[in-house]
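Colleague: The following block contains the structure, expressed as structure tokens.
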Amino acid sequence: MRKTRELMSLFLLAFSTSAMAEEMSAFSKMINGISESVDGFFNDYTGWFVGLIFKSVPVGEASFPIIVGWLLLAAIIFTVYFGFIQFKRAGMAINIIKGKYTDPNSKEEGEVSHFQALTTALSGTVGLGNIAGVGAALAIGGPGATFWMIVCGLLGMASKFCECTLGVKYRTVLPSGAISGGPMYYLSQGLSEKGFAGLGKALAIGFALMCILGSLGGGNMFQANQAHAMLTYAFDVPSEYGIITGIVMACLVFSVIVGGMPSIASVTERVVPWMAALYIGMAVIVIGANIGQVIPAFASIIDGAFTGAGVAGGIVGALIQGLKRATFSNEAGVGSAAIAHSAVKTKEPITEGLVSLLEPFIDTVVICTMTALVITIAGLNVAPFDGSGLTGVTLTAASFTATAGIFKYLLALAVVLFAFSTMISWSYYGLKAWTYLFGEGKKVELVFKLIFCVFVVVGATIQFGAVIDFSDAAIFAMSIFNIIGLYFLMPIVKKELQSFIARIDSGEIKTYDTKSK
Amino acid sequence: MDNTERFTIDLNRPLLKDGPNFLSHTVVIKRHIAYLRPTITSMLFCMVYIVVGSFLMALAAHLIMEAHKYDLIIFVGAFGVAITTFGVLLIRPFLQRASFNKKSGVFDNKKDRDVKLHHIDSLQINNKIIQRKNALSYQCFELNMLTQHGRRINILNHNNQQQLMLDALLLSTFLKVEIQDYRREIIL
């Protein structure tokens, strides 16, 4: 009887498989073939780069990537050097946002307030790092990875403070009238002032090269890849149809970055903050609906962080995943934020540094923790945490959907728009690095923009493994050059900070009543 | 008692906040009419949205017949409609030709109230810097006109300075009015 049942199920399986095979059109097979070959090509040609960036040393049972230690050590050094600025001066940062040090009558036309600058920056920070990144961290690092993400977020605040201050201090006005800033400029100019012109130039070039790769990896392919993964999860779109998602997104990205159409950029700028609010709202609903499970969820996060149960490599494994994904999300120490912040209108570079230090806190400590709570509460991420089950954006989406089915559609909408806006942001970072290396010029810029659009299609087409490895490696590689420069330039930031505080204390910088506003 | 109020018109200030990073229109003069012709490039950039949106709508229609996945159909279809609508809204101003007609004696830009040509006082060129959070900032130029009643109306708004100067010259000769250059150094 049992044998007959087994034969029957085998027959049904064979029938359904053959029926499915018949349905699979020649088009679908062709796309699958292209996807596989692109994936294979990518694996073969970027594998060496990924291996080099993530060179590991054995720590207990796990292999600890040197680059993760590099970022962690830098964040600790900056935290200590600036006297735990993220804790001591958080109040001052909030006061800057509230306008305590800004004359309410001196606002120039078109000038944005620090609060507006922060909300704009935050809406750009909340993205797939908070959604897919946390999903990936917990799938491989278990709930304990959350704890290390929080630690990394807190320490990263000091790194971001340092790089964003320098970004504004060393920005330059190009002949076209455009303001250009970021690590390329503070590395070359700042180190030149210190008598290390050669080293500064080398670091700037190295950073620019890695920034171009990072913009094509984490800022482009990862976004396109995860947007399609979300569509696959929410609507059952076959994964081989990624090429269609990629082409559609590439066309829209093309129209913005090549065309310079003002309207689409404005639409994106307006929609993204609402998407961020929608995402946070959904997370609050899930947490609120399962309020009784919040304490046990935190308990498993703490427990996982110090036992590493079910994680390959134990505690170290959880720590690596937490640190990797937190860096990917808040970009502290990477140098990309310094490019974005350098365009702000301010006479005091330190104020921009202080405002920017709040970003890793809100991004990682608050929003990533919310995502992690949603995932932990849903209970879909179970040991062993080897990434073989649900991972990345699909794990996050499934966890949200466990509370309300409609969330997967809202999340799909948010993910696609986040991916699009992040691609636009990173195309800008990449272009800045590209023009730093090859000079300004319409033809030179067009070459980069076209390459960028091609990579959107590639990212949506190839499989998760190859994309995420390359994306990570490229983003982390930026930090190698950036942090070396930050070590040399951190005394300048300290001097700026001391001068700012002294001028506040002496009354040279006036304070204004923020309550009356 | 003097009931007339005095207003100051600042001709240094650009009229529009935004502007495209490409040449959007050129001035064409044909006998008694001078009109603004959209460039092929600008039309192509608008067409991208219409093509992509239409493709998504066609895909949604295909899915209705083939897959019966209604959630996917709604998602793809809604995105298609949104992108196509956006493209149509974008292309519409390009298709409405603003013209200066000497025969009828009016300027019509299909947007503002018509202006009698003999009421046009002068043309002005303004420059501005368009700053975006996530894009390179760029210079943009405006060709505006001032009427005898103090109205300022934008004629051209794009980033090709050379073409704008040429077009301004063409229009000033056509309208027999002077051009005032209000370009200034912008310190950010």
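Labeling convention for the structure tokens: chains A, B, ... as they appear, residues from 1 per chain, ligands from 1 in order of appearance.
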List every residue of range 35-139 of chain B that DSSP, applied to the backbone, labels as helix (DSSP H, G or I), and write the result as a PyMOL selection string.
Modeller: chain B and resi 40-66+70-95+117-119
Colleague: Based on the selection just made, write C-alpha atoms of those residues as a PDB file, in the first residue's frame.
Modeller:
ATOM      1  CA  ILE B  40      14.691  65.554 -30.253  1.00  0.00           C
ATOM      2  CA  THR B  41      16.769  64.732 -27.161  1.00  0.00           C
ATOM      3  CA  SER B  42      14.185  66.190 -24.807  1.00  0.00           C
ATOM      4  CA  MET B  43      11.373  64.353 -26.583  1.00  0.00           C
ATOM      5  CA  LEU B  44      13.339  61.096 -26.372  1.00  0.00           C
ATOM      6  CA  PHE B  45      13.817  61.426 -22.621  1.00  0.00           C
ATOM      7  CA  CYS B  46      10.066  61.889 -22.195  1.00  0.00           C
ATOM      8  CA  MET B  47       9.380  59.004 -24.545  1.00  0.00           C
ATOM      9  CA  VAL B  48      11.410  56.653 -22.308  1.00  0.00           C
ATOM     10  CA  TYR B  49       8.653  56.889 -19.698  1.00  0.00           C
ATOM     11  CA  ILE B  50       5.875  56.388 -22.207  1.00  0.00           C
ATOM     12  CA  VAL B  51       7.630  53.376 -23.754  1.00  0.00           C
ATOM     13  CA  VAL B  52       8.460  51.767 -20.394  1.00  0.00           C
ATOM     14  CA  GLY B  53       4.957  52.464 -19.028  1.00  0.00           C
ATOM     15  CA  SER B  54       3.287  51.104 -22.157  1.00  0.00           C
ATOM     16  CA  PHE B  55       5.486  48.013 -21.996  1.00  0.00           C
ATOM     17  CA  LEU B  56       4.395  47.388 -18.408  1.00  0.00           C
ATOM     18  CA  MET B  57       0.741  47.875 -19.317  1.00  0.00           C
ATOM     19  CA  ALA B  58       1.140  45.438 -22.240  1.00  0.00           C
ATOM     20  CA  LEU B  59       2.829  42.996 -19.886  1.00  0.00           C
ATOM     21  CA  ALA B  60      -0.109  43.305 -17.481  1.00  0.00           C
ATOM     22  CA  ALA B  61      -2.522  42.632 -20.377  1.00  0.00           C
ATOM     23  CA  HIS B  62      -0.466  39.587 -21.360  1.00  0.00           C
ATOM     24  CA  LEU B  63      -0.549  38.338 -17.771  1.00  0.00           C
ATOM     25  CA  ILE B  64      -4.363  38.638 -17.694  1.00  0.00           C
ATOM     26  CA  MET B  65      -4.561  36.192 -20.582  1.00  0.00           C
ATOM     27  CA  GLU B  66      -1.727  33.890 -19.557  1.00  0.00           C
ATOM     28  CA  TYR B  70      -4.222  39.170 -10.273  1.00  0.00           C
ATOM     29  CA  ASP B  71      -1.963  40.739  -7.640  1.00  0.00           C
ATOM     30  CA  LEU B  72       0.932  40.820 -10.115  1.00  0.00           C
ATOM     31  CA  ILE B  73      -1.350  42.149 -12.853  1.00  0.00           C
ATOM     32  CA  ILE B  74      -2.511  45.016 -10.621  1.00  0.00           C
ATOM     33  CA  PHE B  75       1.047  45.800  -9.500  1.00  0.00           C
ATOM     34  CA  VAL B  76       2.559  45.786 -12.998  1.00  0.00           C
ATOM     35  CA  GLY B  77      -0.467  47.529 -14.519  1.00  0.00           C
ATOM     36  CA  ALA B  78      -0.556  50.263 -11.869  1.00  0.00           C
ATOM     37  CA  PHE B  79       3.173  50.911 -12.288  1.00  0.00           C
ATOM     38  CA  GLY B  80       2.661  51.013 -16.054  1.00  0.00           C
ATOM     39  CA  VAL B  81      -0.208  53.491 -15.801  1.00  0.00           C
ATOM     40  CA  ALA B  82       1.737  55.677 -13.329  1.00  0.00           C
ATOM     41  CA  ILE B  83       4.879  55.778 -15.483  1.00  0.00           C
ATOM     42  CA  THR B  84       2.935  56.379 -18.718  1.00  0.00           C
ATOM     43  CA  THR B  85       0.904  59.172 -17.108  1.00  0.00           C
ATOM     44  CA  PHE B  86       4.119  60.700 -15.852  1.00  0.00           C
ATOM     45  CA  GLY B  87       5.613  60.528 -19.348  1.00  0.00           C
ATOM     46  CA  VAL B  88       2.511  62.089 -20.908  1.00  0.00           C
ATOM     47  CA  LEU B  89       2.514  64.902 -18.331  1.00  0.00           C
ATOM     48  CA  LEU B  90       6.185  65.457 -19.056  1.00  0.00           C
ATOM     49  CA  ILE B  91       5.833  65.544 -22.829  1.00  0.00           C
ATOM     50  CA  ARG B  92       2.693  67.712 -22.918  1.00  0.00           C
ATOM     51  CA  PRO B  93       4.424  71.064 -22.363  1.00  0.00           C
ATOM     52  CA  PHE B  94       6.890  70.151 -25.101  1.00  0.00           C
ATOM     53  CA  LEU B  95       4.081  69.580 -27.569  1.00  0.00           C
ATOM     54  CA  LEU B 117       3.562  91.786 -28.863  1.00  0.00           C
ATOM     55  CA  HIS B 118       3.691  95.572 -28.654  1.00  0.00           C
ATOM     56  CA  HIS B 119       3.382  95.253 -24.863  1.00  0.00           C
TER      57      HIS B 119
END
Colleague: For Ile129 in chain B, list every protein, DNA or RNA residue within 7 Å, evaluated using only C-alpha atoms, and leave out those in the same chain fewer than 3 positions away; present the list as a PyMOL selection string.
Modeller: chain B and resi 137-140
Colleague: Measuring between only C-alpha atoms, which one of A:Ile244, A:Val382, A:Ile212, A:Ile451 shows the shortest distance to chain B?
Modeller: A:Ile244
Colleague: Which residues are close to Leu171 in chain B, i.e. within 9 Å by only C-alpha atoms, leaving aside same-chain residues fewer than 3 positions away? Reply as a list of chain:residue names.
Modeller: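 My list of contacting residues is B:Val27, B:Ile29, B:Ala34, B:Leu123, B:Leu166, B:Asp167, B:Ala168, B:Phe174, B:Leu175, B:Lys176, B:Val177.
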Colleague: Just C-alpha atoms for this one: save the residues we selected as an mmCIF file, in the first residue's frame.
Modeller:
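The result, written out as selection-v2.cif:
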data_model
loop_
_atom_site.group_PDB
_atom_site.id
_atom_site.type_symbol
_atom_site.label_atom_id
_atom_site.label_comp_id
_atom_site.auth_asym_id
_atom_site.auth_seq_id
_atom_site.Cartn_x
_atom_site.Cartn_y
_atom_site.Cartn_z
ATOM 1 C CA VAL B 27 13.719 79.268 -31.360
ATOM 2 C CA ILE B 29 11.415 81.853 -37.037
ATOM 3 C CA ALA B 34 8.611 82.774 -34.049
ATOM 4 C CA LEU B 123 14.032 90.221 -22.838
ATOM 5 C CA LEU B 166 21.670 82.832 -30.021
ATOM 6 C CA ASP B 167 17.945 82.347 -29.552
ATOM 7 C CA ALA B 168 17.695 85.515 -27.473
ATOM 8 C CA PHE B 174 12.190 89.515 -34.445
ATOM 9 C CA LEU B 175 10.380 91.452 -31.716
ATOM 10 C CA LYS B 176 12.564 94.561 -32.005
ATOM 11 C CA VAL B 177 13.150 94.710 -28.267
#
Colleague: Determine, counting only C-alpha atoms, which protein, DNA and RNA residues have an atom within 12 Å of an atom of Glu61 in chain A; residues of the same chain fewer than 2 positions away are not included. Present the result as a list in words.
Modeller: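 Final neighbour list, sorted by chain and number: Val57, Pro58, Val59, Ser63, Phe64, Gly308, Val311, Ala312, Gly313, Gly314, Ile315, Val316 and Gly317 of chain A.
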